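Structure file query29.cif; described as mmCIF, C-alpha atoms.
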```cif
data_model
loop_
_atom_site.label_atom_id
_atom_site.label_comp_id
_atom_site.auth_asym_id
_atom_site.auth_seq_id
_atom_site.Cartn_x
_atom_site.Cartn_y
_atom_site.Cartn_z
CA MET G 1 118.33 143.90 41.59
CA GLN G 2 116.95 143.03 45.00
CA VAL G 3 119.74 145.00 46.67
CA LYS G 4 118.92 148.10 44.59
CA LYS G 5 115.25 147.91 45.65
CA ILE G 6 116.25 147.66 49.29
CA LEU G 7 118.64 150.60 49.01
CA LEU G 8 116.03 152.69 47.15
CA SER G 9 113.36 151.90 49.76
CA SER G 10 115.74 152.78 52.59
CA LEU G 11 116.61 156.06 50.91
CA CYS G 12 112.92 156.94 50.51
CA VAL G 13 112.24 156.14 54.17
CA MET G 14 115.18 158.28 55.29
CA CYS G 15 113.98 161.21 53.14
CA ILE G 16 110.47 160.96 54.57
CA MET G 17 111.75 160.76 58.15
CA THR G 18 114.08 163.71 57.60
CA GLY G 19 111.29 165.79 56.08
CA TRP G 20 108.88 164.88 58.90
CA ALA G 21 111.47 165.77 61.54
CA GLN G 22 112.08 169.13 59.85
CA TYR G 23 108.33 169.79 59.65
CA LYS G 24 107.86 168.97 63.34
CA LYS G 25 110.79 171.22 64.23
CA GLU G 26 109.36 174.14 62.24
CA THR G 27 105.87 173.58 63.66
CA LYS G 28 107.21 173.43 67.21
CA SER G 29 109.23 176.58 66.57
CA LYS G 30 106.12 178.44 65.38
CA LYS G 31 104.15 177.24 68.40
CA ASP G 32 106.96 178.39 70.70
CA GLU G 33 106.97 181.79 69.02
CA LYS G 34 103.20 182.17 69.46
CA ARG G 35 103.43 181.03 73.07
CA GLU G 36 106.23 183.50 73.76
CA ALA G 37 104.32 186.34 72.09
CA ARG G 38 101.25 185.46 74.14
CA ARG G 39 103.31 185.45 77.35
CA ASP G 40 104.84 188.83 76.53
CA LYS G 41 101.41 190.32 75.81
CA ILE G 42 99.99 189.09 79.11
CA ASN G 43 103.00 190.43 80.99
CA LEU G 44 102.46 193.80 79.32
CA LEU G 45 98.77 193.81 80.32
CA MET G 46 99.70 192.96 83.91
CA LYS G 47 102.22 195.81 83.97
CA GLN G 48 99.65 198.26 82.54
CA GLU G 49 97.14 197.29 85.20
CA GLU G 50 99.72 197.73 87.97
CA GLU G 51 100.40 201.22 86.63
CA GLY G 52 96.68 202.04 86.67
CA GLU G 53 96.11 201.95 82.92
CA LEU G 54 92.88 200.57 81.44
CA VAL G 55 93.70 197.10 80.11
CA PHE G 56 90.44 196.46 78.20
CA ASN G 57 87.72 198.85 77.01
CA LYS G 58 84.64 196.66 76.52
CA HIS G 59 83.33 193.12 76.31
CA HIS G 60 80.56 191.12 74.66
CA ILE G 61 79.31 188.10 76.59
CA PHE G 62 76.65 185.45 75.91
CA GLY G 63 75.33 183.21 78.63
CA PHE G 64 73.14 180.22 79.45
CA LYS G 65 71.28 180.61 82.74
CA MET G 66 69.96 177.78 84.91
CA ILE G 67 67.35 179.21 87.28
CA SER G 68 65.74 177.54 90.28
CA ASP G 69 62.36 177.91 88.53
CA GLY G 70 63.36 177.88 84.86
CA TYR G 71 66.12 178.61 82.39
CA GLY G 72 67.19 181.34 79.97
CA LEU G 73 69.68 182.97 77.61
CA SER G 74 71.46 186.28 78.04
CA TYR G 75 73.58 188.84 76.22
CA GLU G 76 75.74 191.47 77.91
CA PHE G 77 77.70 194.47 76.72
CA GLY G 78 80.21 195.78 79.23
CA LYS G 79 81.91 199.19 79.22
CA TYR G 80 85.04 199.36 81.40
CA LYS G 81 85.24 202.50 83.54
CA SER G 82 88.43 201.44 85.31
CA ASN G 83 90.38 198.24 85.94
CA ARG G 84 88.00 197.45 88.77
CA LYS G 85 84.66 198.91 87.69
CA THR G 86 82.48 198.04 84.67
CA THR G 87 79.03 199.18 83.59
CA LEU G 88 76.94 196.32 82.20
CA PHE G 89 74.03 196.57 79.76
CA GLN G 90 72.10 193.31 79.76
CA PHE G 91 69.32 191.53 77.87
CA GLU G 92 67.74 188.24 78.93
CA PHE G 93 65.03 185.95 77.64
CA ASN G 94 63.85 183.37 80.17
CA GLU G 95 61.05 180.92 80.78
CA LYS G 96 59.72 180.53 84.29
CA ARG G 97 58.03 177.27 85.27
CA HIS G 98 55.74 176.65 88.21
CA PRO G 99 57.29 174.29 90.80
CA LYS G 100 54.07 172.21 90.86
CA GLU G 101 54.12 171.47 87.13
CA LYS G 102 54.14 167.74 86.39
CA LYS G 103 54.50 166.20 82.95
CA ILE G 104 52.29 163.19 82.26
CA SER G 105 53.19 160.70 79.53
CA LEU G 106 50.17 159.59 77.49
CA PHE G 107 49.97 156.87 74.83
CA ASP G 108 48.13 158.19 71.78
CA GLY G 109 48.15 155.01 69.72
CA PHE G 110 51.41 155.85 67.98
CA GLY G 111 53.72 156.63 70.85
CA PHE G 112 54.05 158.49 74.13
CA SER G 113 53.57 162.25 74.45
CA ASN G 114 54.15 164.59 77.42
CA VAL G 115 51.39 166.91 78.63
CA VAL G 116 51.12 169.19 81.67
CA PHE G 117 47.46 169.01 82.70
CA GLY G 118 46.13 172.15 84.35
CA LYS G 119 48.81 174.38 82.85
CA THR G 120 47.27 177.62 81.71
CA ASN G 121 50.19 179.60 80.25
CA ASN G 122 53.84 179.45 79.35
CA PHE G 123 55.43 182.36 81.21
CA TYR G 124 58.32 184.06 79.37
CA GLN G 125 60.26 187.16 80.40
CA ALA G 126 62.21 189.58 78.19
CA LYS G 127 64.43 191.75 80.38
CA LEU G 128 66.45 194.89 79.78
CA GLY G 129 68.73 195.98 82.57
CA ILE G 130 71.79 197.88 83.68
CA ALA G 131 74.24 196.80 86.38
CA GLN G 132 77.51 197.75 88.02
CA GLN G 133 80.33 195.24 88.30
CA LEU G 134 83.07 195.82 90.87
CA ARG G 135 86.09 193.55 91.11
CA VAL G 136 86.58 192.66 94.75
CA GLY G 137 89.32 190.03 94.53
CA GLY G 138 91.56 187.93 92.34
CA LYS G 139 95.26 187.20 91.94
CA ALA G 140 97.20 189.45 89.58
CA ASN G 141 98.64 186.71 87.38
CA LYS G 142 97.83 185.47 83.90
CA ASN G 143 95.69 182.60 85.17
CA GLY G 144 94.18 184.51 88.08
CA VAL G 145 90.46 184.31 88.81
CA ALA G 146 88.85 187.74 89.05
CA VAL G 147 86.06 187.79 91.63
CA SER G 148 83.46 190.51 91.07
CA ALA G 149 80.29 191.69 92.77
CA ILE G 150 77.36 192.69 90.53
CA VAL G 151 74.26 194.68 91.46
CA GLY G 152 71.64 195.84 88.98
CA GLY G 153 68.07 195.90 87.77
CA GLY G 154 65.74 197.04 85.05
CA LEU G 155 62.46 196.46 83.23
CA SER G 156 60.77 193.12 82.57
CA ALA G 157 58.23 192.26 79.88
CA GLY G 158 56.18 189.31 81.12
CA LEU G 159 54.69 187.32 78.23
CA LEU G 160 51.88 184.86 78.96
CA LYS G 161 51.36 182.47 76.04
CA PRO G 162 48.35 180.10 76.32
CA TYR G 163 49.31 176.46 76.78
CA TYR G 164 47.63 174.18 74.25
CA VAL G 165 47.70 170.48 73.41
CA LYS G 166 47.09 168.78 70.07
CA VAL G 167 43.91 166.68 70.01
CA VAL G 168 41.97 164.69 67.39
CA ASP G 169 38.26 163.84 67.25
CA GLN G 170 36.68 160.39 67.59
CA ASN G 171 37.26 159.64 63.91
CA ASN G 172 40.95 160.49 64.30
CA VAL G 173 40.58 162.96 61.45
CA ASN G 174 40.28 166.56 62.60
CA GLU G 175 43.23 167.88 64.57
CA GLU G 176 42.88 171.02 66.64
CA PHE G 177 44.47 172.80 69.58
CA GLN G 178 42.77 172.97 72.96
CA SER G 179 43.63 173.94 76.49
CA THR G 180 43.92 171.29 79.20
CA PHE G 181 42.04 173.70 81.46
CA PRO G 182 39.22 173.82 82.36
CA THR G 183 38.56 170.59 80.44
CA ILE G 184 39.26 168.57 77.31
CA ILE G 185 35.89 168.13 75.51
CA ASP G 186 34.25 164.70 75.41
CA SER G 187 34.55 164.36 71.64
CA VAL G 188 38.32 164.21 71.83
CA TYR G 189 39.73 160.88 70.65
CA GLY G 190 43.33 161.33 71.67
CA ILE G 191 45.97 163.77 72.75
CA ASN G 192 49.03 164.03 70.51
CA GLY G 193 51.15 166.00 72.94
CA ALA G 194 51.75 169.66 73.63
CA ALA G 195 51.04 171.97 70.71
CA GLY G 196 54.59 173.33 70.73
CA ILE G 197 56.38 176.62 71.25
CA PHE G 198 55.04 178.29 68.10
CA THR G 199 51.34 177.85 68.90
CA GLY G 200 49.46 180.57 70.77
CA TRP G 201 51.70 183.58 70.14
CA GLY G 202 48.77 185.43 68.57
CA GLU G 203 47.05 185.34 71.97
CA VAL G 204 49.98 186.43 74.14
CA LYS G 205 49.14 188.70 77.08
CA PHE G 206 51.61 191.36 78.17
CA ASN G 207 52.37 191.84 81.86
CA PRO G 208 54.96 194.60 82.55
CA GLY G 209 57.22 194.50 85.57
CA ALA G 210 60.64 195.20 87.03
CA HIS G 211 63.54 193.12 88.29
CA ALA G 212 66.64 193.41 90.46
CA LYS G 213 69.58 191.10 91.03
CA ALA G 214 72.74 190.64 93.07
CA ALA G 215 75.47 188.24 92.02
CA MET G 216 79.09 187.14 92.26
CA ARG G 217 81.07 186.48 89.08
CA PHE G 218 84.18 184.30 88.82
CA ASP G 219 86.15 185.23 85.69
CA TYR G 220 88.91 182.79 84.76
CA GLY G 221 92.04 184.20 83.11
CA ARG G 222 91.16 187.86 83.35
CA PHE G 223 94.08 188.94 81.13
CA ASN G 224 92.79 186.84 78.24
CA GLU G 225 90.73 188.31 75.42
CA ASN G 226 88.35 185.35 75.62
CA VAL G 227 85.92 185.42 78.55
CA THR G 228 85.12 182.23 80.46
CA ALA G 229 83.17 182.89 83.63
CA ILE G 230 80.59 181.56 86.06
CA GLU G 231 78.04 183.81 87.74
CA VAL G 232 75.97 182.87 90.81
CA GLY G 233 73.22 185.13 92.05
CA LEU G 234 69.73 185.95 93.27
CA MET G 235 66.88 187.60 91.35
CA ALA G 236 63.71 189.37 92.45
CA GLU G 237 60.89 190.17 90.00
CA TYR G 238 57.60 192.01 90.39
CA TYR G 239 54.83 192.19 87.78
CA SER G 240 51.87 194.56 87.56
CA LYS G 241 49.27 191.76 87.49
CA ASP G 242 48.96 188.24 88.86
CA VAL G 243 50.66 185.62 86.71
CA SER G 244 48.56 182.57 85.82
CA GLN G 245 50.68 179.46 85.25
CA LEU G 246 48.62 176.61 86.70
CA ALA G 247 44.92 176.16 87.48
CA TYR G 248 43.80 175.88 91.10
CA VAL G 249 47.02 177.29 92.56
CA LYS G 250 47.53 180.73 94.04
CA GLN G 251 48.66 183.28 91.48
CA LYS G 252 51.33 185.77 92.41
CA GLN G 253 53.07 188.92 91.23
CA PHE G 254 56.38 188.60 93.07
CA PHE G 255 59.02 185.98 92.22
CA PHE G 256 62.30 185.25 93.98
CA SER G 257 64.84 182.79 92.59
CA GLY G 258 68.48 181.77 92.48
CA TYR G 259 70.54 181.10 89.39
CA ILE G 260 73.89 180.07 87.97
CA SER G 261 75.12 181.22 84.55
CA ILE G 262 77.83 179.95 82.26
CA LEU G 263 79.32 182.93 80.40
CA LEU G 264 81.40 182.99 77.22
CA GLY G 265 82.55 186.04 75.31
CA ARG G 266 85.37 188.32 74.25
CA ARG G 267 87.12 191.45 75.57
CA LYS G 268 88.55 194.26 73.50
#
```
How does this structure look as structure tokens?
Amino acid sequence: MQVKKILLSSLCVMCIMTGWAQYKKETKSKKDEKREARRDKINLLMKQEEEGELVFNKHHIFGFKMISDGYGLSYEFGKYKSNRKTTLFQFEFNEKRHPKEKKISLFDGFGFSNVVFGKTNNFYQAKLGIAQQLRVGGKANKNGVAVSAIVGGGLSAGLLKPYYVKVVDQNNVNEEFQSTFPTIIDSVYGINGAAGIFTGWGEVKFNPGAHAKAAMRFDYGRFNENVTAIEVGLMAEYYSKDVSQLAYVKQKQFFFSGYISILLGRRK
């Protein structure tokens, strides 16, 4: 009886191992087929480009931008004119911070909260622009990095949203929003932190302007449908009126900054 159990167990183990080996073989075969098909497609795209044919027609790209005086998000639609030239239609939404801003941590009885005293407005920018991208370098292989120069500009909508903090009275009952500038009234009991991004939009002031930029883009795997790129550039912005960000500092209309963007998207 014991021998039968051992033989039966061995047979089960052998069946499982045989099935697993067959499954791995089939899976590996499918992966090899996909890899081979992918290689053939890339080779075809490389050949088309060498012959002067348009490899892709358009792209959609989203980006996260780290700016020397802020941060932002972007969307880009690109229309390929040739294998080297692309027209870009771009939208950005950024926040620009004053370099002298300093967050102060205050204890309100329940915990610590961060407040920027003297801050008058959050300064946001919604930008619409058009640019030309010209490929200036890059190896013609499947993993080649395409190096492109970009020059463009457009319109900017400057949005000044009042900066408020949450405060409570001496009885710690009535909560309201107040500005840190010119002063927090004497009846305030405590500050519960900044009022948040959703407070003050009903009082936004519009400040129209224009912007221009020049950049270099490094696009990894340019024969892939998926876009993975890094863009490094400079931006110049001019607004029709002075921009108030902090009290007791000189207001200005012209801004100059550098940035780096991480770009992800898809070509078609």
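Straight-line separation from CA of Leu263 in chain G to CA of Ala149 in chain G: 15.2 Å.
Considering only C-alpha atoms, the residue among G:Leu264, G:Ala212, G:Ala157, G:Val168 positioned nearest to Ser240 in chain G is G:Ala157.
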**Request:** Translate the PyMOL selection byres ((chain G and resi 217) around 8), as applied to the file shown, into an explicit residue set as a ChimeraX atom specification.
**Result:** /G:146-150,215-216,218-219,229-232
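Put simply, CA of Leu155 in chain G is 14.5 Å away from CA of Leu88 in chain G.
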**Chain and number of each residue from the PyMOL selection byres ((chain G and resi 207) around 12), as a list in words** = Phe123, Tyr124, Gln125, Ala126, Leu155, Ser156, Ala157, Gly158, Leu159, Leu160, Lys161, Val204, Lys205, Phe206, Pro208, Gly209, Ala210, Glu237, Tyr238, Tyr239, Ser240, Lys241, Asp242, Val243, Ser244 and Gln253 of chain G
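Note that the spacing between CA of Tyr80 in chain G and CA of His59 in chain G amounts to 8.2 Å.
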**Request:** Convert the output of the PyMOL selection byres ((chain G and resi 221) around 8) on the shown file into explicit residues, formatted as a VMD selection string.
**Result:** chain G and resid 142 to 146 219 to 220 222 to 224 227 to 228
**Request:** Find, counting all atoms listed in the file, the residue in G:Gly202, G:Gly129, G:Gly193, G:Gly233 that gets nearest to Thr87 in chain G.
**Result:** G:Gly129
Near Tyr75 in chain G, within 8 Å and counting only C-alpha atoms, which residues show up once chain neighbours fewer than 2 positions away are dropped, as a CSV table (one decimal) with C-alpha atoms, keeping the file's coordinate frame?
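As a result, out_24.csv now contains:
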```csv
chain,number,residue,atom,x,y,z
G,60,HIS,CA,80.6,191.1,74.7
G,61,ILE,CA,79.3,188.1,76.6
G,62,PHE,CA,76.6,185.4,75.9
G,63,GLY,CA,75.3,183.2,78.6
G,73,LEU,CA,69.7,183.0,77.6
G,77,PHE,CA,77.7,194.5,76.7
G,90,GLN,CA,72.1,193.3,79.8
G,91,PHE,CA,69.3,191.5,77.9
G,92,GLU,CA,67.7,188.2,78.9
```
**Asked** With distances taken over all atoms listed in the file, which of G:Arg84, G:Lys119, G:Lys79, G:His211 is nearest to Lys103 in chain G?
**Response** G:Lys119
**Request:** Write out as an MDAnalysis selection string which residues come within 9 Å of Gln245 in chain G when counting only C-alpha atoms, dropping same-chain ones fewer than 4 positions away.
**Result:** chainID G and resid 97:98 101 118:123 160 249 251
Written selection (C-alpha atoms) as a PDB file, in the coordinates of the input:
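Below is the file again_20.pdb, written as the result:
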```
ATOM      1  CA  ARG G  97      58.030 177.270  85.270  1.00  0.00           C
ATOM      2  CA  HIS G  98      55.740 176.650  88.210  1.00  0.00           C
ATOM      3  CA  GLU G 101      54.120 171.470  87.130  1.00  0.00           C
ATOM      4  CA  GLY G 118      46.130 172.150  84.350  1.00  0.00           C
ATOM      5  CA  LYS G 119      48.810 174.380  82.850  1.00  0.00           C
ATOM      6  CA  THR G 120      47.270 177.620  81.710  1.00  0.00           C
ATOM      7  CA  ASN G 121      50.190 179.600  80.250  1.00  0.00           C
ATOM      8  CA  ASN G 122      53.840 179.450  79.350  1.00  0.00           C
ATOM      9  CA  PHE G 123      55.430 182.360  81.210  1.00  0.00           C
ATOM     10  CA  LEU G 160      51.880 184.860  78.960  1.00  0.00           C
ATOM     11  CA  VAL G 249      47.020 177.290  92.560  1.00  0.00           C
ATOM     12  CA  GLN G 251      48.660 183.280  91.480  1.00  0.00           C
TER      13      GLN G 251
END
```
With 4 Å added on each side, what axis-aligned box encloses every listed atom of range 93-106 of chain G? Give the centre and edge lengths in Å to one decimal, as AutoDock Vina command-line options.
```
--center_x 57.6 --center_y 172.8 --center_z 84.2 --size_x 22.9 --size_y 34.4 --size_z 21.4
```
